[in-house]
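Asks: Handing you a structure now.
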Amino acid sequence: MKGLCFVDFYLLDECDSVTRSRSVHCISFSPCARRNPFGSIMSPKRHGTSNTPVQQDLRWNCDVATADRICNFNRHYAEHSGYWRTTSFIQEATKEYEENGEVKFYDSNTGKLLFVAPKGRSMDAFLKESASHGWPSFRDEEVMWESVRCLGSGEAVSVDGTHLGHNIPDFSGSRYCINLVSVAGRPTDSESSE
């Protein structure tokens, strides 16, 4: 399995996902970099770190004001642990999984697809892991890397500047603890047709 290698400022080359050292950070299909030579994805834009505020009709009854604060005006904080369990997420996501075999998670600002879960595990395993950590928890194979980045600090962000959460690795590898309010968007027309 191949991944991207970043050393400080530069994309080096593809590497084997098992190759790891202090100077080279290789993760299968996860473009994580210590520094971005082209400017920060999270630099100030028209609406905090994004060009747009969150959608007004978020999925799972997520609170729009909380979502906007966490997605666009925040780099360190999160919705409270267990917030996702106070929404309609479990019921609606379980129904989506039963109908489609997966649950899709969209950027609350742009509607771009960011995560698809569960992959390589059951829905029960996804929910159990999320419950044990307090936030929806995704693994590398569930991340849509064309739209998500993991910064050197461990912060997970969308390519459009939405703060998503943090990578908090455990014994199984990378684990992305993501704020539900950050991935409760509705798909754009182009996303829903894919």
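Order determines the names: the first chain of the structure tokens is A, the second B, and so forth; residues in each chain are numbered 1 upward, and ligands are numbered 1 upward as they are shown.
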If we count only C-alpha atoms, what is near Val54 (chain A) at a cut-off of 9 Å, once residues fewer than 3 positions away on the same chain are taken out, given as a list in words?

Replies: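 Within the cut-off, the hits are Asp57, Leu58, Val64, Ala65, Ala67, Asp68, Cys71, Asn72, Asp107, Ser108, Asn109, Thr110, Ser182 and Gly185 of chain A.
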
Asks: Using all heavy atoms, can you write the selected residues to a file as a tab-separated table (two decimals), in the first residue's frame?

Replies:
chain	number	residue	atom	x	y	z
A	57	ASP	N	-29.40	24.22	7.51
A	57	ASP	CA	-30.26	23.04	7.71
A	57	ASP	C	-29.40	21.80	7.94
A	57	ASP	O	-29.51	20.81	7.23
A	57	ASP	CB	-31.20	22.84	6.53
A	57	ASP	CG	-30.45	22.64	5.21
A	57	ASP	OD1	-29.26	23.00	5.12
A	57	ASP	OD2	-31.06	22.12	4.26
A	58	LEU	N	-28.57	21.83	8.96
A	58	LEU	CA	-27.67	20.73	9.24
A	58	LEU	C	-28.43	19.44	9.54
A	58	LEU	O	-29.55	19.47	10.06
A	58	LEU	CB	-26.75	21.09	10.42
A	58	LEU	CG	-25.79	22.24	10.16
A	58	LEU	CD1	-25.03	22.58	11.44
A	58	LEU	CD2	-24.83	21.92	9.02
A	64	VAL	N	-26.78	24.99	14.75
A	64	VAL	CA	-26.09	25.79	13.75
A	64	VAL	C	-25.08	26.75	14.39
A	64	VAL	O	-23.95	26.88	13.90
A	64	VAL	CB	-27.10	26.56	12.86
A	64	VAL	CG1	-26.41	27.54	11.94
A	64	VAL	CG2	-27.93	25.56	12.06
A	65	ALA	N	-25.44	27.41	15.47
A	65	ALA	CA	-24.51	28.36	16.12
A	65	ALA	C	-23.28	27.64	16.65
A	65	ALA	O	-22.16	28.12	16.49
A	65	ALA	CB	-25.23	29.11	17.24
A	67	ALA	N	-22.12	24.80	15.55
A	67	ALA	CA	-21.39	24.34	14.37
A	67	ALA	C	-20.56	25.47	13.78
A	67	ALA	O	-19.37	25.28	13.47
A	67	ALA	CB	-22.35	23.78	13.34
A	68	ASP	N	-21.13	26.65	13.62
A	68	ASP	CA	-20.39	27.76	13.02
A	68	ASP	C	-19.20	28.15	13.87
A	68	ASP	O	-18.11	28.41	13.35
A	68	ASP	CB	-21.33	28.95	12.80
A	68	ASP	CG	-20.78	29.93	11.80
A	68	ASP	OD1	-20.33	29.50	10.71
A	68	ASP	OD2	-20.80	31.14	12.08
A	71	CYS	N	-16.62	25.10	13.58
A	71	CYS	CA	-16.09	24.91	12.22
A	71	CYS	C	-15.23	26.07	11.74
A	71	CYS	O	-14.22	25.85	11.05
A	71	CYS	CB	-17.24	24.75	11.23
A	71	CYS	SG	-18.19	23.24	11.41
A	72	ASN	N	-15.59	27.30	12.09
A	72	ASN	CA	-15.00	28.48	11.43
A	72	ASN	C	-14.23	29.43	12.32
A	72	ASN	O	-13.48	30.25	11.82
A	72	ASN	CB	-16.11	29.25	10.72
A	72	ASN	CG	-16.78	28.42	9.66
A	72	ASN	OD1	-16.11	27.83	8.82
A	72	ASN	ND2	-18.10	28.33	9.70
A	107	ASP	N	-19.15	18.06	4.78
A	107	ASP	CA	-18.67	19.30	5.37
A	107	ASP	C	-19.87	20.20	5.67
A	107	ASP	O	-20.71	20.44	4.81
A	107	ASP	CB	-17.72	19.98	4.37
A	107	ASP	CG	-17.00	21.19	4.94
A	107	ASP	OD1	-17.64	22.03	5.59
A	107	ASP	OD2	-15.79	21.30	4.68
A	108	SER	N	-19.95	20.69	6.89
A	108	SER	CA	-21.07	21.54	7.31
A	108	SER	C	-21.07	22.90	6.63
A	108	SER	O	-22.09	23.58	6.60
A	108	SER	CB	-21.08	21.70	8.83
A	108	SER	OG	-21.40	20.47	9.43
A	109	ASN	N	-19.92	23.31	6.08
A	109	ASN	CA	-19.86	24.56	5.33
A	109	ASN	C	-20.17	24.35	3.85
A	109	ASN	O	-21.04	25.00	3.30
A	109	ASN	CB	-18.46	25.19	5.43
A	109	ASN	CG	-18.17	25.76	6.80
A	109	ASN	OD1	-19.04	26.28	7.46
A	109	ASN	ND2	-16.93	25.65	7.23
A	110	THR	N	-19.45	23.43	3.22
A	110	THR	CA	-19.48	23.32	1.76
A	110	THR	C	-20.35	22.20	1.23
A	110	THR	O	-20.69	22.19	0.05
A	110	THR	CB	-18.06	23.08	1.23
A	110	THR	OG1	-17.61	21.79	1.68
A	110	THR	CG2	-17.10	24.17	1.67
A	182	SER	N	-19.34	19.40	12.63
A	182	SER	CA	-18.46	19.73	11.50
A	182	SER	C	-18.75	18.89	10.27
A	182	SER	O	-18.35	19.25	9.16
A	182	SER	CB	-17.00	19.55	11.90
A	182	SER	OG	-16.66	20.41	12.96
A	185	GLY	N	-23.22	18.45	7.36
A	185	GLY	CA	-23.72	19.16	6.19
A	185	GLY	C	-24.58	18.29	5.30
A	185	GLY	O	-24.62	17.07	5.42

Asks: Please provide as a list in words all residues within 10 Å of region 96-100 of chain A, with the sequence filter that same-chain residues fewer than 5 positions apart are discarded (counting only C-alpha atoms).

Replies: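 Listed by chain and then number, they are Ile90, Gln91, Ala117, Pro118, Ser122 and Met123 of chain A.
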
Asks: May I have the selected residues written with N, CA, C and O atoms, as a CSV table (one decimal), in the first residue's frame?

Replies:
chain,number,residue,atom,x,y,z
A,90,ILE,N,-27.7,8.8,15.9
A,90,ILE,CA,-27.7,7.3,16.0
A,90,ILE,C,-28.9,6.7,15.2
A,90,ILE,O,-28.7,5.8,14.4
A,91,GLN,N,-30.1,7.2,15.4
A,91,GLN,CA,-31.3,6.7,14.8
A,91,GLN,C,-31.2,6.9,13.2
A,91,GLN,O,-31.4,6.0,12.5
A,117,ALA,N,-18.5,5.9,6.4
A,117,ALA,CA,-18.3,4.9,7.4
A,117,ALA,C,-19.5,4.0,7.5
A,117,ALA,O,-20.6,4.4,7.2
A,118,PRO,N,-19.4,2.8,8.1
A,118,PRO,CA,-18.1,2.2,8.4
A,118,PRO,C,-17.5,1.5,7.2
A,118,PRO,O,-18.2,1.0,6.3
A,122,SER,N,-18.1,-3.1,11.4
A,122,SER,CA,-19.6,-3.0,11.4
A,122,SER,C,-20.0,-1.7,11.9
A,122,SER,O,-19.3,-0.9,12.5
A,123,MET,N,-21.3,-1.4,11.7
A,123,MET,CA,-21.9,-0.1,12.2
A,123,MET,C,-21.8,-0.2,13.7
A,123,MET,O,-21.5,0.9,14.4

Asks: Excluding Glu142 (chain A) and its own-chain neighbours fewer than 5 positions away, which residues fall within 12 Å of it when counting only C-alpha atoms? Please give them as a VMD selection string.

Replies: chain A and resid 29 to 30 102 to 105 113 to 121 126 136 to 137 148 174 to 176

Asks: Region 42-47 of chain A: which residues within 10 Å, counting only C-alpha atoms, same-chain residues fewer than 6 positions away excluded, as a ChimeraX atom specification?

Replies: /A:53-54,68,72-75,151,157-163

Asks: Can those selected residues be exported to a file as a CSV table (one decimal), in the first residue's frame so that it contains N, CA, C and O atoms?

Replies:
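Output below, filename again_18.csv:
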chain,number,residue,atom,x,y,z
A,53,PRO,N,-20.3,30.5,5.8
A,53,PRO,CA,-20.8,30.0,7.1
A,53,PRO,C,-21.3,28.6,7.0
A,53,PRO,O,-21.5,28.1,5.8
A,54,VAL,N,-21.7,27.9,8.1
A,54,VAL,CA,-22.3,26.6,8.0
A,54,VAL,C,-23.7,26.7,7.3
A,54,VAL,O,-24.3,27.7,7.4
A,68,ASP,N,-21.1,26.6,13.6
A,68,ASP,CA,-20.4,27.8,13.0
A,68,ASP,C,-19.2,28.2,13.9
A,68,ASP,O,-18.1,28.4,13.4
A,72,ASN,N,-15.6,27.3,12.1
A,72,ASN,CA,-15.0,28.5,11.4
A,72,ASN,C,-14.2,29.4,12.3
A,72,ASN,O,-13.5,30.3,11.8
A,73,PHE,N,-14.4,29.4,13.6
A,73,PHE,CA,-13.8,30.3,14.5
A,73,PHE,C,-13.1,29.6,15.7
A,73,PHE,O,-13.1,30.0,16.8
A,74,ASN,N,-12.4,28.5,15.3
A,74,ASN,CA,-11.9,27.7,16.4
A,74,ASN,C,-10.8,26.8,15.8
A,74,ASN,O,-10.9,26.3,14.7
A,75,ARG,N,-9.7,26.6,16.5
A,75,ARG,CA,-8.7,25.7,16.1
A,75,ARG,C,-8.4,24.6,17.2
A,75,ARG,O,-7.6,23.7,16.9
A,151,LEU,N,-3.2,18.1,9.8
A,151,LEU,CA,-2.0,19.0,10.0
A,151,LEU,C,-1.1,18.4,11.0
A,151,LEU,O,-1.4,17.5,11.7
A,157,VAL,N,-8.7,18.9,9.3
A,157,VAL,CA,-9.4,20.0,8.6
A,157,VAL,C,-9.9,19.6,7.2
A,157,VAL,O,-9.3,18.7,6.6
A,158,SER,N,-10.9,20.4,6.7
A,158,SER,CA,-11.2,20.2,5.3
A,158,SER,C,-10.3,21.1,4.5
A,158,SER,O,-9.7,22.1,5.0
A,159,VAL,N,-10.2,20.8,3.2
A,159,VAL,CA,-9.4,21.6,2.3
A,159,VAL,C,-9.9,23.0,2.2
A,159,VAL,O,-9.2,23.9,1.7
A,160,ASP,N,-11.2,23.2,2.6
A,160,ASP,CA,-11.8,24.5,2.5
A,160,ASP,C,-11.7,25.3,3.8
A,160,ASP,O,-12.3,26.4,3.9
A,161,GLY,N,-11.0,24.8,4.8
A,161,GLY,CA,-10.8,25.5,6.0
A,161,GLY,C,-11.8,25.2,7.2
A,161,GLY,O,-11.8,25.9,8.2
A,162,THR,N,-12.5,24.1,7.1
A,162,THR,CA,-13.4,23.7,8.2
A,162,THR,C,-12.6,23.0,9.2
A,162,THR,O,-12.0,22.0,8.9
A,163,HIS,N,-12.7,23.4,10.5
A,163,HIS,CA,-12.1,22.6,11.6
A,163,HIS,C,-13.0,21.4,11.8
A,163,HIS,O,-14.2,21.5,12.0

Asks: Pick the closest to Gly154 (chain A) from A:His133, A:Arg85, A:Lys128, A:His76: which is it, counting only C-alpha atoms?

Replies: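 Of A:His133, A:Arg85, A:Lys128, A:His76, the one nearest Gly154 (chain A) is A:His76, counting only C-alpha atoms.
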
Asks: Tell me, which residues of region 77-167 of chain A carry DSSP strand (DSSP E), written as a VMD selection string?

Replies: chain A and resid 103 to 106 113 to 117 137 to 138 148 to 151 155 to 158 163 to 167

Asks: Would you mind exporting the chosen residues as a tab-separated table (two decimals), in the first residue's frame, restricted to N, CA, C and O atoms?

Replies:
chain	number	residue	atom	x	y	z
A	103	VAL	N	-22.66	5.23	5.82
A	103	VAL	CA	-23.16	6.54	6.20
A	103	VAL	C	-22.18	7.57	5.63
A	103	VAL	O	-20.96	7.43	5.81
A	104	LYS	N	-22.69	8.59	4.96
A	104	LYS	CA	-21.85	9.62	4.39
A	104	LYS	C	-21.91	10.87	5.26
A	104	LYS	O	-22.98	11.25	5.73
A	105	PHE	N	-20.74	11.48	5.46
A	105	PHE	CA	-20.60	12.66	6.30
A	105	PHE	C	-20.07	13.80	5.44
A	105	PHE	O	-19.02	13.68	4.81
A	106	TYR	N	-20.79	14.93	5.43
A	106	TYR	CA	-20.48	16.05	4.56
A	106	TYR	C	-20.05	17.27	5.36
A	106	TYR	O	-20.56	17.52	6.47
A	113	LEU	N	-18.20	15.79	0.48
A	113	LEU	CA	-18.08	14.51	1.17
A	113	LEU	C	-16.72	14.43	1.86
A	113	LEU	O	-15.68	14.63	1.22
A	114	LEU	N	-16.72	14.13	3.17
A	114	LEU	CA	-15.48	14.07	3.95
A	114	LEU	C	-15.17	12.68	4.50
A	114	LEU	O	-14.01	12.29	4.57
A	115	PHE	N	-16.19	11.95	4.92
A	115	PHE	CA	-16.01	10.62	5.51
A	115	PHE	C	-17.13	9.70	5.03
A	115	PHE	O	-18.26	10.15	4.82
A	116	VAL	N	-16.80	8.42	4.90
A	116	VAL	CA	-17.79	7.38	4.62
A	116	VAL	C	-17.49	6.25	5.58
A	116	VAL	O	-16.37	5.71	5.60
A	117	ALA	N	-18.48	5.89	6.39
A	117	ALA	CA	-18.25	4.86	7.41
A	117	ALA	C	-19.51	4.00	7.54
A	117	ALA	O	-20.60	4.43	7.15
A	137	SER	N	-15.66	8.61	15.58
A	137	SER	CA	-14.24	8.27	15.37
A	137	SER	C	-14.07	7.50	14.07
A	137	SER	O	-14.68	6.46	13.87
A	138	PHE	N	-13.22	8.05	13.21
A	138	PHE	CA	-13.00	7.50	11.88
A	138	PHE	C	-11.59	6.97	11.76
A	138	PHE	O	-10.66	7.46	12.40
A	148	VAL	N	-9.91	16.16	2.82
A	148	VAL	CA	-9.53	16.24	4.25
A	148	VAL	C	-8.01	16.28	4.36
A	148	VAL	O	-7.31	15.60	3.61
A	149	ARG	N	-7.52	17.04	5.31
A	149	ARG	CA	-6.08	17.07	5.62
A	149	ARG	C	-5.91	16.92	7.12
A	149	ARG	O	-6.76	17.34	7.91
A	150	CYS	N	-4.78	16.35	7.50
A	150	CYS	CA	-4.39	16.25	8.90
A	150	CYS	C	-3.12	17.07	9.05
A	150	CYS	O	-2.10	16.75	8.44
A	151	LEU	N	-3.19	18.14	9.82
A	151	LEU	CA	-2.04	19.02	10.00
A	151	LEU	C	-1.05	18.39	10.98
A	151	LEU	O	-1.40	17.46	11.72
A	155	GLU	N	-4.44	18.32	14.05
A	155	GLU	CA	-5.75	18.89	13.72
A	155	GLU	C	-6.22	18.36	12.37
A	155	GLU	O	-5.48	18.38	11.38
A	156	ALA	N	-7.45	17.88	12.32
A	156	ALA	CA	-8.07	17.43	11.08
A	156	ALA	C	-8.93	18.57	10.55
A	156	ALA	O	-9.73	19.15	11.29
A	157	VAL	N	-8.74	18.90	9.26
A	157	VAL	CA	-9.43	20.02	8.65
A	157	VAL	C	-9.88	19.64	7.25
A	157	VAL	O	-9.34	18.71	6.64
A	158	SER	N	-10.86	20.38	6.73
A	158	SER	CA	-11.21	20.19	5.32
A	158	SER	C	-10.30	21.08	4.48
A	158	SER	O	-9.73	22.05	4.99
A	163	HIS	N	-12.67	23.40	10.48
A	163	HIS	CA	-12.09	22.62	11.57
A	163	HIS	C	-12.99	21.40	11.79
A	163	HIS	O	-14.19	21.53	11.98
A	164	LEU	N	-12.38	20.20	11.75
A	164	LEU	CA	-13.16	18.97	11.90
A	164	LEU	C	-12.97	18.32	13.26
A	164	LEU	O	-13.92	17.83	13.85
A	165	GLY	N	-11.74	18.29	13.74
A	165	GLY	CA	-11.42	17.61	15.00
A	165	GLY	C	-9.93	17.35	15.06
A	165	GLY	O	-9.14	18.14	14.56
A	166	HIS	N	-9.56	16.19	15.63
A	166	HIS	CA	-8.13	15.87	15.78
A	166	HIS	C	-7.87	14.39	15.58
A	166	HIS	O	-8.73	13.56	15.84
A	167	ASN	N	-6.66	14.10	15.11
A	167	ASN	CA	-6.19	12.72	15.02
A	167	ASN	C	-5.59	12.36	16.38
A	167	ASN	O	-4.62	12.98	16.81

Asks: I need the residue nearest Arg69 (chain A) from this list: A:Ser172, A:Ser81, A:Ser50, A:Thr86. Use only C-alpha atoms for the distance.

Replies: A:Ser50

Asks: Of the residues A:Gly152, A:Glu141, A:Glu92, A:Thr49, which is the one nearest to Ile70 (chain A), using only C-alpha atoms?

Replies: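 With only C-alpha atoms as the atom set, the closest residue is A:Thr49.
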